[in-house]
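Structure first, commentary second.
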Amino acid sequence: MAKNTPQAIRGTQDIFEDAEAFSFVVDTFERVRKLYRFRRIEMPVFEKTEVFSRPLGETTDVVTKEMYSFEDRGGESLTLRPEFTAGIARAYLTNGWQQHAPLKVATHGPLFRYERPQKGRFRQFHQINAEILGAGEPQADVELLAMADQLLRELGIEGVTLHLNTLGDPDSREAWRAALVEYFEAHRGDLSEDSVTRLEHNPLRILDSKDRGDMALVKDAPTIDDYLTDEARSFFGSVTSGLDAAGVTWRRSSRLVRGFDYYRHTAFEFIPDEGSAAADALGSQSTVLGGGRYDGLMETLGGAHTPSVGWAAGIERLAMLIPTRPTETPDLWFIQDDPGSESLARELLAIVRREGIWSDMAFSGSIRKQFDKVKRDLAAVRVVAVQTDVDKDIIGRIRLRDIWDEAPPVRERLKGALSKYYVIDDDSGTRVISLIRRKK
RNA sequence: GCGAUCGUAGCUCAGUUGGUUAGAGCGCCGGUUUGUGGUACCGGAGGUCGGGGGUUCGAGACCCCUCGAUCGCCCCA
């Protein structure tokens with residue numbers, strides 16, 4: 001290990017092998033969000049600290065110990081975004097995007113959280129994100145979830161199910177919360193240490209405790225269903241029937257909650273099914289995509305009541321779940337048959353690339369070494385051997401050779417590309433393509 | 001913030017109860033067999049064993065601290 005080389009920051013990643021999977025997730029997301037007509041937006045990576053501390057709540061873990069905050073040279077407290085939603089809400093208000101409401105937006109990029117890294121969790125991580133701003137209708141929830149569902153489908157991810165719950169409107173939620181506190185307070189002695197703390201700060205969180213004893217208590221805890229107002233009940237009914245109509249399969253999960261206070265009504269997570277390969281791949285970081293309705297958020301940033309729904313998904317986690325795909329290799333690999341053919345090879349390389357044929361060539365090395373390298377690194381390519389000095393009457397000749405049997409057909413495409421620039425002759429016996437002369 | 005395991009060449013790893021110049025495979029570089037059908041031959045470079053301190057006649061191996069990695073808890077995508 002080079003002792004004078006600075007180390008990367010803990011929890012950051014240098015992605016090489018997995019970068020293609022990462023990019024596949026982003027490309028697929030871009031394609032699907034266009035299908036659903038979500039507008040692409042770009043957001044700053046940092047904001048004034050209050051953009052996050054106000055909506056998320058001053059006492060939440062994210063704000064108190066997980067934010068990358070610092071003072072700029074003007075003495076202002078800034079923070080690297082720990083999530084997308086608050087920044088998007090701020091942009092909605094400061095740019096007057098109300099005029100576009102209801103507004104469907106999508107973005108992706110890095111987020112930062114000062115956490116202990118583990119499987120599927122990093123300090124700089126990446127999410128894709130979708131929001132519908134200024135829409136209080138349950139149909140907005142359905143639209144958003146239908147997109148998420150199709151995205152996972154198109155990524156080829158299997159064994160992941162949509163878990164759905166409602167937190168009700170503020171009245172329902174408050175009544176439920178009070179009932180939960182009363183219930184757990186009565187069993188305080190049986191709660192785990194962590195859950196006693198949660199009872200003070202975030203009683204809803206006790207519901208997804210991993211502690212055995214807690215889980216037994218949770219089983220008999222009051223559920224939201226007993227506290228839903230008629231309005232909230234009907235809202236949730238519209239969401240679920242809309243999902244059924246859209247062909248999105250879902251599972252009711254009455255103990256699913258959200259950490260932040262601004263969430264209302266719909267809350268959801270796509271979670272790997274127990275025992276599935278996906279569950280195995282993700283370790284204890286089970287949620288792959290999560291979100292909900294946040295009707296109360298805009299007010300915390302001084303805006304008018306603006307009902308909205310959104311979700312975010314970890315790109316790294318999604319990338320861990322996508323089926324491995326064959327490495328994409330060049331259609332052609334150029335090898336110079338003699339040292340004098342370097343500039344012709346370069347010329348041909350430029351031409352075939354211009355014509356959309358994936359191709360590559362080594363910078364140096366003997367023919368033998370070049371063949372060896374092609375064999376080692378590539379799964380299915382064809383080699384173009386270039387000769388110039390055999391016949392002074394022609395420009396040069398090339399031979400196509402299959403490195404592997406599985407190599408996809410490229411000969412006709414190559415000839416098509418070359419004949420735009422040269423008069424060529426394809427000898428049916430020797431299979432040698434001669435470049436007779438340049439056109440015009 | 002808490003806990004467990006781990007840290008030897010670019011990569012994957014060996015290194016016996018602490019004992020002489022720290023090894024292998026792969027990769028890399030050079031050359032040979034004149035030119036491919038995952039595997040030919042020869043040679044070479046590359047490690048202050050994460051870092052610091054300690055125990056010992058002697059430490060890659062033992063102890064402490066530190067940094068990092070991995071996995072889990074908290075929390076979350």
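If you're wondering about the labels, chains in the structure tokens are A, B, ... by order shown, residues count from 1 in each chain, ligands from 1 in order shown.
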
Subject >> Close residues, U70 of chain B itself excluded, 8 Å, only C-alpha atoms (C1' of nucleotides), min 6 positions apart in chain, as number ranges by chain >> reply: A: 118; B: 5-6

Original post:
Mind listing as a VMD selection string which residues of chain B are within 12 Å of chain A, counting only C-alpha atoms (C1' of nucleotides)?
Top reply: chain B and resid 1 to 2 7 to 10 26 to 27 29 to 40 46 to 51 67 to 77

**OP:** Using only C-alpha atoms (C1' of nucleotides), determine which residues lie at most 12 Å from G53 of chain B, disregarding the query and same-chain residues fewer than 5 positions distant; provide the list as a ChimeraX atom specification.
**Re:** /B:63-66

Those selected residues, please, written with N, CA and C atoms (P, O5', C5', C4', C3', O3' and C1' of nucleotides) and delivered as a CSV table (one decimal), in the first residue's frame.
chain,number,residue,atom,x,y,z
B,63,C,P,-2.9,-10.5,21.3
B,63,C,O5',-2.4,-9.4,22.3
B,63,C,C5',-2.4,-9.6,23.7
B,63,C,C4',-2.0,-8.3,24.4
B,63,C,C3',-2.6,-7.0,23.9
B,63,C,O3',-3.9,-6.8,24.6
B,63,C,C1',-0.3,-6.8,24.0
B,64,C,P,-5.0,-5.9,23.8
B,64,C,O5',-4.4,-4.5,23.9
B,64,C,C5',-4.3,-3.8,25.2
B,64,C,C4',-3.7,-2.4,25.0
B,64,C,C3',-4.4,-1.6,24.0
B,64,C,O3',-5.6,-1.0,24.5
B,64,C,C1',-2.1,-1.5,23.7
B,65,C,P,-6.7,-0.5,23.4
B,65,C,O5',-6.1,0.7,22.7
B,65,C,C5',-5.8,1.9,23.4
B,65,C,C4',-5.1,2.9,22.5
B,65,C,C3',-5.8,3.2,21.2
B,65,C,O3',-6.7,4.2,21.3
B,65,C,C1',-3.5,2.7,20.7
B,66,U,P,-8.0,4.3,20.3
B,66,U,O5',-7.3,4.6,18.9
B,66,U,C5',-6.7,5.9,18.7
B,66,U,C4',-6.0,6.0,17.4
B,66,U,C3',-6.9,5.7,16.2
B,66,U,O3',-7.6,6.8,15.8
B,66,U,C1',-4.9,4.4,16.0

**OP:** Once DSSP has gone over the backbone, tell me which residues of segment 70-126 of chain A are in strand (DSSP E or B), as a PyMOL selection string.
**Re:** chain A and resi 70-71+77-80+103-112+118+121+124-126

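Minimum atom-to-atom distance to Ala245 of chain A, evaluated using only C-alpha atoms, belongs to A:Glu143 out of A:Glu131, A:Glu47, A:Asp261, A:Glu143.
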